[in-house]
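**Student:** So that we are looking at the same thing, I have put the structure below in structure tokens.
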Amino acid sequence: MKFDYHTHHERCGHAERSIRDYVEAALEKQLDIIGISDHSPYLYSEEDHLFPNIAMAKSHFPEYVKEVLSLKKEYEGKIEVLLGVESDFFPEHIHMYKQYYAKYPFDYVIGSVHHVEGLNIFKKDRWEGLTEKEKQKTKDNYYTLIQKSAHSGVFQILGHIDAMKGYYPEFSAIQTEAVDRTLSIISECDVAIEINTSGKNKFCGGWYPSDEILERALYHGVKVTFGSDAHTPARVGDEFEEVQNKLKEMGFKEWASFRQRKRFMTSL
């Protein structure tokens with residue numbers, strides 16, 4: 001079975017083309033499942049469209065859901081279209097997000113930490129001038145948020161769990177026990193992590209998470225799944241087979257798929 005659970009589209013303001021274009025791209029690449037998971041609105045804000053180039057407007061969210069469900073019906077028998085969302089994780093607002101998501105028939109929700117200490121994780125100059133101790137604290141704080149996201153009970157998948165290395169590859173070398181502790185908690189909470197192939201578009205290159213983290217994830221019994229994090233239709237399913245083969249080499253036997261917020265394990 002070939003799938004991709006992490007894709008975006010034009011409503012978020014920084015991806016290209018329509019949802020239909022991503023479904024058609026998935027068909028061309030002979031995927032069995034295409035998950036649509038655009039960025040959640042900033043639900044806590046009184047503004048309808050707080051950051052137009054980052055996430056969709058609150059007023060656009062119902063029409064987003066309606067469109068995905070319509071395409072699910074239209075393409076039935078050709079490809080399975082799943083309704084998802086990539087949700088920012090803000091611990092102080094998680095109950096609001098949980099109540100809001102309960103209104104909709106999601107197949108899965110991806111929880112992603114994009115902000116640490118009030119700054120976007122991809123802010124290129126955020127590491128400038130920090131001491132080694134401050135860098136370690138920032139990394140620890142990042143993984144503390146991921147731990148809290150696992151505990152929240154809102155997410156079926158945790159997105160790109162080492163993406164903070166995106167524009168700062170040295171992030172991976174910062175020594176801390178937080179990564180192992182986080183993987184242990186993720187396993188205990190029985191949440192899956194994604195292998196996300198969009199790191200190739202950042203300075204770090206490669207995938208999220210690193211092979212080293214994936215090996216530790218296997219040790220801790222963490223479930224894994226796949227998402228390209230495509231922001232253009234051309235990247236749908238990007239490197240699916242390479243990820244599948246790497247997981248087999250590491251010793252993984254199966255990976256996760258999702259429907260109606262329930263997880264199903266299938267052989268690699």
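Labels for the structure tokens follow display order: chains A, B, ..., residues from 1 in each chain, ligands from 1.
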Taking the backbone alone, and naming residues the way the document does, which bits of range 23-199 of chain A are strand (DSSP E) by DSSP, as a PyMOL selection string?

**Tutor:** chain A and resi 33-36+80-88+108-112+115-116+119-120+157-158+192-196

**Student:** Take the residues that were just selected and, keeping N, CA, C and O atoms, output them as a tab-separated table (two decimals), in the first residue's frame.

**Tutor:**
chain	number	residue	atom	x	y	z
A	33	ILE	N	-3.62	5.90	-1.18
A	33	ILE	CA	-4.22	6.85	-0.23
A	33	ILE	C	-3.53	8.19	-0.35
A	33	ILE	O	-2.30	8.26	-0.38
A	34	ILE	N	-4.31	9.26	-0.38
A	34	ILE	CA	-3.76	10.62	-0.31
A	34	ILE	C	-4.46	11.34	0.84
A	34	ILE	O	-5.69	11.46	0.85
A	35	GLY	N	-3.68	11.78	1.79
A	35	GLY	CA	-4.22	12.54	2.91
A	35	GLY	C	-4.00	14.03	2.69
A	35	GLY	O	-2.91	14.46	2.33
A	36	ILE	N	-5.05	14.81	2.89
A	36	ILE	CA	-4.97	16.26	2.77
A	36	ILE	C	-4.88	16.83	4.19
A	36	ILE	O	-5.76	16.57	5.02
A	80	GLU	N	-8.22	6.61	-2.37
A	80	GLU	CA	-8.85	6.98	-1.10
A	80	GLU	C	-8.33	8.35	-0.68
A	80	GLU	O	-7.13	8.53	-0.46
A	81	VAL	N	-9.23	9.30	-0.55
A	81	VAL	CA	-8.89	10.66	-0.12
A	81	VAL	C	-9.28	10.79	1.34
A	81	VAL	O	-10.44	10.54	1.72
A	82	LEU	N	-8.31	11.17	2.18
A	82	LEU	CA	-8.56	11.28	3.61
A	82	LEU	C	-8.53	12.74	4.07
A	82	LEU	O	-7.76	13.55	3.56
A	83	LEU	N	-9.36	13.02	5.05
A	83	LEU	CA	-9.44	14.36	5.63
A	83	LEU	C	-8.53	14.45	6.85
A	83	LEU	O	-8.72	13.75	7.84
A	84	GLY	N	-7.52	15.31	6.74
A	84	GLY	CA	-6.63	15.54	7.86
A	84	GLY	C	-6.40	17.02	8.05
A	84	GLY	O	-6.96	17.87	7.34
A	85	VAL	N	-5.58	17.36	9.02
A	85	VAL	CA	-5.15	18.73	9.24
A	85	VAL	C	-3.81	18.68	9.95
A	85	VAL	O	-3.57	17.77	10.76
A	86	GLU	N	-2.92	19.60	9.61
A	86	GLU	CA	-1.70	19.76	10.38
A	86	GLU	C	-1.95	20.89	11.38
A	86	GLU	O	-2.13	22.04	10.99
A	87	SER	N	-1.96	20.53	12.64
A	87	SER	CA	-2.32	21.47	13.68
A	87	SER	C	-1.08	21.99	14.39
A	87	SER	O	-0.25	21.20	14.87
A	88	ASP	N	-0.96	23.29	14.51
A	88	ASP	CA	0.04	23.85	15.40
A	88	ASP	C	-0.27	23.41	16.82
A	88	ASP	O	-1.44	23.26	17.19
A	108	TYR	N	-7.46	11.85	10.60
A	108	TYR	CA	-6.28	11.97	11.46
A	108	TYR	C	-5.95	13.44	11.63
A	108	TYR	O	-6.34	14.28	10.82
A	109	VAL	N	-5.24	13.74	12.70
A	109	VAL	CA	-4.75	15.09	12.97
A	109	VAL	C	-3.25	15.00	13.24
A	109	VAL	O	-2.82	14.20	14.08
A	110	ILE	N	-2.47	15.79	12.52
A	110	ILE	CA	-1.02	15.85	12.73
A	110	ILE	C	-0.73	16.99	13.68
A	110	ILE	O	-1.13	18.13	13.44
A	111	GLY	N	-0.01	16.71	14.75
A	111	GLY	CA	0.40	17.76	15.68
A	111	GLY	C	1.84	18.15	15.45
A	111	GLY	O	2.73	17.30	15.53
A	112	SER	N	2.08	19.41	15.16
A	112	SER	CA	3.43	19.87	14.85
A	112	SER	C	3.80	21.07	15.72
A	112	SER	O	3.02	22.01	15.84
A	115	HIS	N	6.63	26.56	16.98
A	115	HIS	CA	7.06	27.72	17.75
A	115	HIS	C	7.65	27.29	19.09
A	115	HIS	O	7.04	26.51	19.81
A	116	VAL	N	8.83	27.79	19.37
A	116	VAL	CA	9.52	27.51	20.64
A	116	VAL	C	10.03	28.83	21.20
A	116	VAL	O	10.65	29.62	20.47
A	119	LEU	N	9.30	31.97	19.16
A	119	LEU	CA	9.87	32.15	17.82
A	119	LEU	C	9.59	30.94	16.95
A	119	LEU	O	9.56	29.80	17.44
A	120	ASN	N	9.42	31.17	15.66
A	120	ASN	CA	9.26	30.08	14.72
A	120	ASN	C	10.53	29.24	14.67
A	120	ASN	O	11.64	29.78	14.68
A	157	ILE	N	-0.79	11.63	14.78
A	157	ILE	CA	0.56	11.68	14.21
A	157	ILE	C	1.26	12.91	14.76
A	157	ILE	O	0.65	13.97	14.89
A	158	LEU	N	2.55	12.77	15.07
A	158	LEU	CA	3.36	13.93	15.41
A	158	LEU	C	4.24	14.26	14.22
A	158	LEU	O	4.93	13.38	13.69
A	192	ALA	N	1.84	7.96	16.68
A	192	ALA	CA	2.80	7.69	15.61
A	192	ALA	C	3.60	8.95	15.29
A	192	ALA	O	3.16	10.08	15.54
A	193	ILE	N	4.79	8.76	14.75
A	193	ILE	CA	5.57	9.87	14.18
A	193	ILE	C	5.66	9.65	12.68
A	193	ILE	O	5.55	8.53	12.18
A	194	GLU	N	5.85	10.73	11.95
A	194	GLU	CA	5.98	10.63	10.51
A	194	GLU	C	7.45	10.66	10.10
A	194	GLU	O	8.27	11.31	10.75
A	195	ILE	N	7.76	9.95	9.01
A	195	ILE	CA	9.00	10.22	8.29
A	195	ILE	C	8.60	11.21	7.21
A	195	ILE	O	7.78	10.93	6.33
A	196	ASN	N	9.15	12.40	7.32
A	196	ASN	CA	8.77	13.56	6.50
A	196	ASN	C	9.94	13.89	5.58
A	196	ASN	O	11.04	14.17	6.05

**Student:** Identify, on the basis of only C-alpha atoms, every residue whose closest approach to Gly199 in chain A does not exceed 12 Å; exclude the query and any residue fewer than 6 positions from it along the same chain; express the result as a ChimeraX atom specification.

**Tutor:** /A:122,160-169,205-210,227-230,238-239

**Student:** Would you return as number ranges by chain the members of range 43-218 of chain A that DSSP assigns to alpha helix (DSSP H) on this structure's backbone?

**Tutor:** A: 61-74, 94-101, 132-151, 178-189, 211-218

**Student:** What's the 10 Å shell around Tyr97 in chain A, counting only C-alpha atoms, without same-chain residues fewer than 5 positions away, as a list in words?

**Tutor:**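 Listing them by chain and then by number gives Ser40, Pro41, Tyr42, Leu43, Tyr44, Ser87, Asp88, Phe89, Phe90, Pro91, Ala102 and Val154 of chain A.
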
**Student:** Can you tell me, as a list of chain:residue names, what residues are no more than 10 Å from His60 in chain A when counting only C-alpha atoms, ignoring any on the same chain fewer than 2 positions away?

**Tutor:** A:Arg11, A:Cys12, A:Pro41, A:Asp48, A:His49, A:Met56, A:Ala57, A:Lys58, A:Pro62, A:Glu63, A:Tyr64, A:Val65

**Student:** Find the spatial neighbours of Gln260 in chain A, counting only C-alpha atoms, within a cut-off of 8 Å - ignore same-chain residues fewer than 5 positions away - and output them as a VMD selection string.

**Tutor:** chain A and resid 105 to 108

**Student:** For the residues selected in the previous step, produce a file with C-alpha atoms as a CSV table (one decimal), in the first residue's frame.

**Tutor:**
chain,number,residue,atom,x,y,z
A,105,PRO,CA,-14.9,14.0,10.7
A,106,PHE,CA,-11.1,13.9,10.5
A,107,ASP,CA,-9.3,10.7,9.6
A,108,TYR,CA,-6.3,12.0,11.5

**Student:** Kindly provide the residues of range 192-235 of chain A that approach range 13-32 of chain A to within 9 Å, each paired with its closest atom pair and their distance in Å to one decimal, based on only C-alpha atoms, listed by chain and increasing number, as CSV.

**Tutor:**
residue,atom,partner,partner_atom,distance
A:Ala230,CA,A:Ala15,CA,8.2
A:His231,CA,A:Ala15,CA,4.5
A:Thr232,CA,A:Glu16,CA,5.2
A:Pro233,CA,A:Tyr22,CA,4.9
A:Ala234,CA,A:Ala25,CA,6.9
A:Arg235,CA,A:Ala25,CA,8.6

**Student:** Which residues are near Gln175 in chain A? Cut-off 12 Å, only C-alpha atoms, ignore same chain within fewer than 5 positions. Put them as a list of chain:residue names.

**Tutor:**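 The contact residues come out as A:Glu132, A:Lys133, A:Glu134, A:Lys135, A:Gln136, A:Lys137, A:Thr138, A:Lys139, A:Asp140, A:Glu170, A:Asp180.
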
**Student:** Taking N, CA, C and O atoms for each residue, export the selection above as a PDB file, in the first residue's frame.

**Tutor:**
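Result file follows (result37.pdb):
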ATOM      1  N   GLU A 132      26.297  27.743  24.297  1.00  0.00           N
ATOM      2  CA  GLU A 132      26.001  26.315  24.167  1.00  0.00           C
ATOM      3  C   GLU A 132      24.924  25.892  25.163  1.00  0.00           C
ATOM      4  O   GLU A 132      24.054  25.066  24.846  1.00  0.00           O
ATOM      5  N   LYS A 133      24.978  26.459  26.348  1.00  0.00           N
ATOM      6  CA  LYS A 133      23.974  26.139  27.369  1.00  0.00           C
ATOM      7  C   LYS A 133      22.596  26.618  26.936  1.00  0.00           C
ATOM      8  O   LYS A 133      21.588  25.913  27.128  1.00  0.00           O
ATOM      9  N   GLU A 134      22.527  27.793  26.329  1.00  0.00           N
ATOM     10  CA  GLU A 134      21.245  28.323  25.857  1.00  0.00           C
ATOM     11  C   GLU A 134      20.696  27.500  24.690  1.00  0.00           C
ATOM     12  O   GLU A 134      19.480  27.283  24.583  1.00  0.00           O
ATOM     13  N   LYS A 135      21.590  27.025  23.834  1.00  0.00           N
ATOM     14  CA  LYS A 135      21.162  26.167  22.727  1.00  0.00           C
ATOM     15  C   LYS A 135      20.582  24.860  23.251  1.00  0.00           C
ATOM     16  O   LYS A 135      19.563  24.373  22.756  1.00  0.00           O
ATOM     17  N   GLN A 136      21.238  24.297  24.254  1.00  0.00           N
ATOM     18  CA  GLN A 136      20.733  23.053  24.834  1.00  0.00           C
ATOM     19  C   GLN A 136      19.366  23.274  25.477  1.00  0.00           C
ATOM     20  O   GLN A 136      18.458  22.448  25.335  1.00  0.00           O
ATOM     21  N   LYS A 137      19.207  24.395  26.157  1.00  0.00           N
ATOM     22  CA  LYS A 137      17.921  24.710  26.789  1.00  0.00           C
ATOM     23  C   LYS A 137      16.824  24.843  25.742  1.00  0.00           C
ATOM     24  O   LYS A 137      15.697  24.367  25.942  1.00  0.00           O
ATOM     25  N   THR A 138      17.148  25.491  24.616  1.00  0.00           N
ATOM     26  CA  THR A 138      16.170  25.642  23.544  1.00  0.00           C
ATOM     27  C   THR A 138      15.766  24.285  22.987  1.00  0.00           C
ATOM     28  O   THR A 138      14.576  24.020  22.743  1.00  0.00           O
ATOM     29  N   LYS A 139      16.741  23.403  22.789  1.00  0.00           N
ATOM     30  CA  LYS A 139      16.428  22.062  22.289  1.00  0.00           C
ATOM     31  C   LYS A 139      15.575  21.302  23.293  1.00  0.00           C
ATOM     32  O   LYS A 139      14.603  20.625  22.923  1.00  0.00           O
ATOM     33  N   ASP A 140      15.915  21.409  24.563  1.00  0.00           N
ATOM     34  CA  ASP A 140      15.122  20.756  25.606  1.00  0.00           C
ATOM     35  C   ASP A 140      13.683  21.283  25.608  1.00  0.00           C
ATOM     36  O   ASP A 140      12.720  20.513  25.741  1.00  0.00           O
ATOM     37  N   GLU A 170      23.304  22.158  12.798  1.00  0.00           N
ATOM     38  CA  GLU A 170      24.050  21.887  14.031  1.00  0.00           C
ATOM     39  C   GLU A 170      23.130  21.489  15.179  1.00  0.00           C
ATOM     40  O   GLU A 170      23.585  20.947  16.198  1.00  0.00           O
ATOM     41  N   ASP A 180      15.666  10.984  23.569  1.00  0.00           N
ATOM     42  CA  ASP A 180      15.310   9.644  24.031  1.00  0.00           C
ATOM     43  C   ASP A 180      14.103   9.679  24.963  1.00  0.00           C
ATOM     44  O   ASP A 180      13.213   8.819  24.883  1.00  0.00           O
TER      45      ASP A 180
END
